[in-house]
Amino acid sequence: MGPIIAFVLGLNLPRSVLLAAIALVISSGILIFKHSVVHQLRLPRRHKSDLHKSLVPSNEVQPALVLVLLLIFGSLVTRSGTSSENSQPITHALEYLFVIPVCIAVAASPINQKTQSNLLRMAIAYSMGSVIYVAACLINTRLQGDFSLPSLLFRQAHNELNAPWGHISNHVNIRTVEQSMLFPISLLPISLITFFQNKSRKFWLLPVLTGIAALLMSRGFGSHFPLFVLLTSSGFGVASLVSAKRPAKAFINQHKNAIKIYTVITAAAAIAVPILTKQCITIDERFPRAIAVIRHLPLLTQQKSNLTFSYYESCPSQKVTFVSSAGDSLHNIFLDYSLQAGSVAGITLFTCTMLLSIRYFSAYFQRLKNPASKSSEEQCTEGIIASTISTIWVLWLFQPIASSNFSMFLASLYFLASSASNASLNRPQKSVN
């Protein structure tokens, strides 16, 4: 999946799910062909076993384990999909039993030799497409009334936006559009630092402009998520940047007070902005729901698809009843799949995602400790990849992206698997004394 495909997926164009599936299948097919057919023709017979060893390394998370976990997950989701009304068994089978397990397992294997530059361009291209999509939704909604550019920066007075494309119904939930805005915001801090430090400013100007545009438009959604993503990505940016010059641990110890001040200012801004604008501190509904879900988690195994519980939202103060049979979502991709296909489906997807994330971040933090061979730009590129993965986790834990934007789910899973594969190929070697 290249930058062009990532840009189109960020735009959330019609048939984006089909486009994402085709892109994954084609890229996986090319990788398998290159590393199985071509290499077998070139290798002598006695060395053909070396190819199998390169595909299944003994010291890393096995791609076969990712394949098995996703096959279990896909079979459970497919079975639940065929038993529901308005089901599309062939589509479910192709998506969950072929595209996701096979393509993601290939992406997580060493044959997917995506460089950090490839991953960086994919993240930037997807973010650019996302900003255009969010701006189009806001503008199309404002055109229904009195439109002005400053009006894009104010909070929406309703819960739906008029999407010009990408959805069966033009009226789309505001949170469905908002989730596309978080990726460009996550790139802003690191891109801004690199823009002022690097000579190739034209390249880094794109993520800076898209991040600023997304941050300005975030006021129209009344949410603290952009600030949370901004704080997380700033942490990765600082760690990646300083490790190129000195060990990150020494920098943190030397600048403890500055880091504390930055954290306090960011937290104060997150609280002060809604107070000054006469909005609630807990602006959106996802935080109270997440807390309520944790409290009622034991009911999930008892009631399963008929999960029902009540809780209070603090903004505005009201009692809300969650009824899964009515189509309500838990706003957590793992728990939503557990409701749909059983607890095993959610556990297998969570396990697979955790394995890939641990695989990347273990190598990432090792490289922070050994920054001598990395330039400042390379360290910032790693920080952008880490920020993108952290944003994926934020979305997966607080958004039902599998039901609201399935192409984003596929693209996120592919990016995570490719990052894990790249981390394994570029893991720093431990020195032997």
# chains A, B, ... in the order shown; residues from 1 in each chain; ligands from 1
>>> residues_around(residues="A:Val344", least_positions_apart="3", cutoff="9 Å", atoms="only C-alpha atoms", output="list in words")
Ile72, Phe73, Leu76, Ser338, Ala341, Ile347, Thr348 and Leu349 of chain A
>>> write_last_selection(atoms="N, CA and C atoms", output="PDB file, in the first residue's frame")
ATOM      1  N   ILE A  72      -8.801 -17.108  13.536  1.00  0.00           N
ATOM      2  CA  ILE A  72      -9.795 -17.377  14.580  1.00  0.00           C
ATOM      3  C   ILE A  72     -10.754 -16.198  14.705  1.00  0.00           C
ATOM      4  N   PHE A  73     -10.189 -14.995  14.743  1.00  0.00           N
ATOM      5  CA  PHE A  73     -11.013 -13.787  14.823  1.00  0.00           C
ATOM      6  C   PHE A  73     -11.955 -13.692  13.623  1.00  0.00           C
ATOM      7  N   LEU A  76     -14.914 -16.289  13.604  1.00  0.00           N
ATOM      8  CA  LEU A  76     -15.975 -15.965  14.557  1.00  0.00           C
ATOM      9  C   LEU A  76     -16.830 -14.794  14.065  1.00  0.00           C
ATOM     10  N   SER A 338     -16.445  -8.215  20.595  1.00  0.00           N
ATOM     11  CA  SER A 338     -16.859  -9.208  21.584  1.00  0.00           C
ATOM     12  C   SER A 338     -18.375  -9.294  21.666  1.00  0.00           C
ATOM     13  N   ALA A 341     -19.367 -10.992  18.057  1.00  0.00           N
ATOM     14  CA  ALA A 341     -18.949 -12.354  17.716  1.00  0.00           C
ATOM     15  C   ALA A 341     -18.481 -13.173  18.909  1.00  0.00           C
ATOM     16  N   ILE A 347     -10.754 -10.994  22.185  1.00  0.00           N
ATOM     17  CA  ILE A 347      -9.472 -11.339  22.814  1.00  0.00           C
ATOM     18  C   ILE A 347      -8.406 -11.636  21.765  1.00  0.00           C
ATOM     19  N   THR A 348      -8.759 -12.366  20.720  1.00  0.00           N
ATOM     20  CA  THR A 348      -7.777 -12.698  19.680  1.00  0.00           C
ATOM     21  C   THR A 348      -7.310 -11.452  18.942  1.00  0.00           C
ATOM     22  N   LEU A 349      -8.239 -10.529  18.634  1.00  0.00           N
ATOM     23  CA  LEU A 349      -7.842  -9.288  17.966  1.00  0.00           C
ATOM     24  C   LEU A 349      -6.957  -8.445  18.875  1.00  0.00           C
TER      25      LEU A 349
END
>>> residues_around(residues="stretch 201-207 of chain A", least_positions_apart="4", cutoff="12 Å", atoms="only C-alpha atoms", output="NGL selection string")
:A and (117 or 120-131 or 183-197 or 211-215 or 377 or 380-381 or 384)
>>> atom_distance(atom1="atom CA of A:Ile401", atom2="atom CA of A:Thr141")
21.9 Å
>>> atom_distance(atom1="atom CA of A:Gln379", atom2="atom CA of A:Phe7")
23.9 Å
>>> residues_around(residues="stretch 172-179 of chain A", least_positions_apart="3", cutoff="6 Å", atoms="only C-alpha atoms", output="ChimeraX atom specification")
/A:159-161,182
>>> closest_residue(among="A:Ala21, A:Val323, A:Leu31, A:Ala345", to="A:Glu95", atoms="only C-alpha atoms")
A:Ala21
>>> atom_distance(atom1="atom CA of A:Gln113", atom2="atom CA of A:Phe350")
24.6 Å
>>> closest_residue(among="A:Leu307, A:Ile333, A:Leu209, A:Ala136", to="A:Leu13", atoms="only C-alpha atoms")
A:Ala136
>>> residues_around(residues="A:Pro101", least_positions_apart="2", cutoff="6 Å", atoms="only C-alpha atoms", output="list in words")
Leu67, Leu70, Leu71, Phe98, Val99, Cys103, Ile104 and Ala105 of chain A
>>> residues_around(residues="A:Leu9", least_positions_apart="5", cutoff="8 Å", atoms="only C-alpha atoms", output="MDAnalysis selection string")
chainID A and resid 16 19:20 126 129 407:408 411
>>> write_last_selection(atoms="C-alpha atoms", output="PDB file, in the first residue's frame")
ATOM      1  CA  SER A  16     -12.920   2.818  -0.064  1.00  0.00           C
ATOM      2  CA  LEU A  19     -10.124  -0.167  -2.636  1.00  0.00           C
ATOM      3  CA  ALA A  20      -8.351  -0.965   0.643  1.00  0.00           C
ATOM      4  CA  TYR A 126      -3.255   9.474   4.747  1.00  0.00           C
ATOM      5  CA  GLY A 129      -6.519  12.959   2.642  1.00  0.00           C
ATOM      6  CA  SER A 407     -11.221   1.196   5.454  1.00  0.00           C
ATOM      7  CA  MET A 408      -9.534   3.056   8.353  1.00  0.00           C
ATOM      8  CA  ALA A 411      -5.317   0.754   6.859  1.00  0.00           C
TER       9      ALA A 411
END
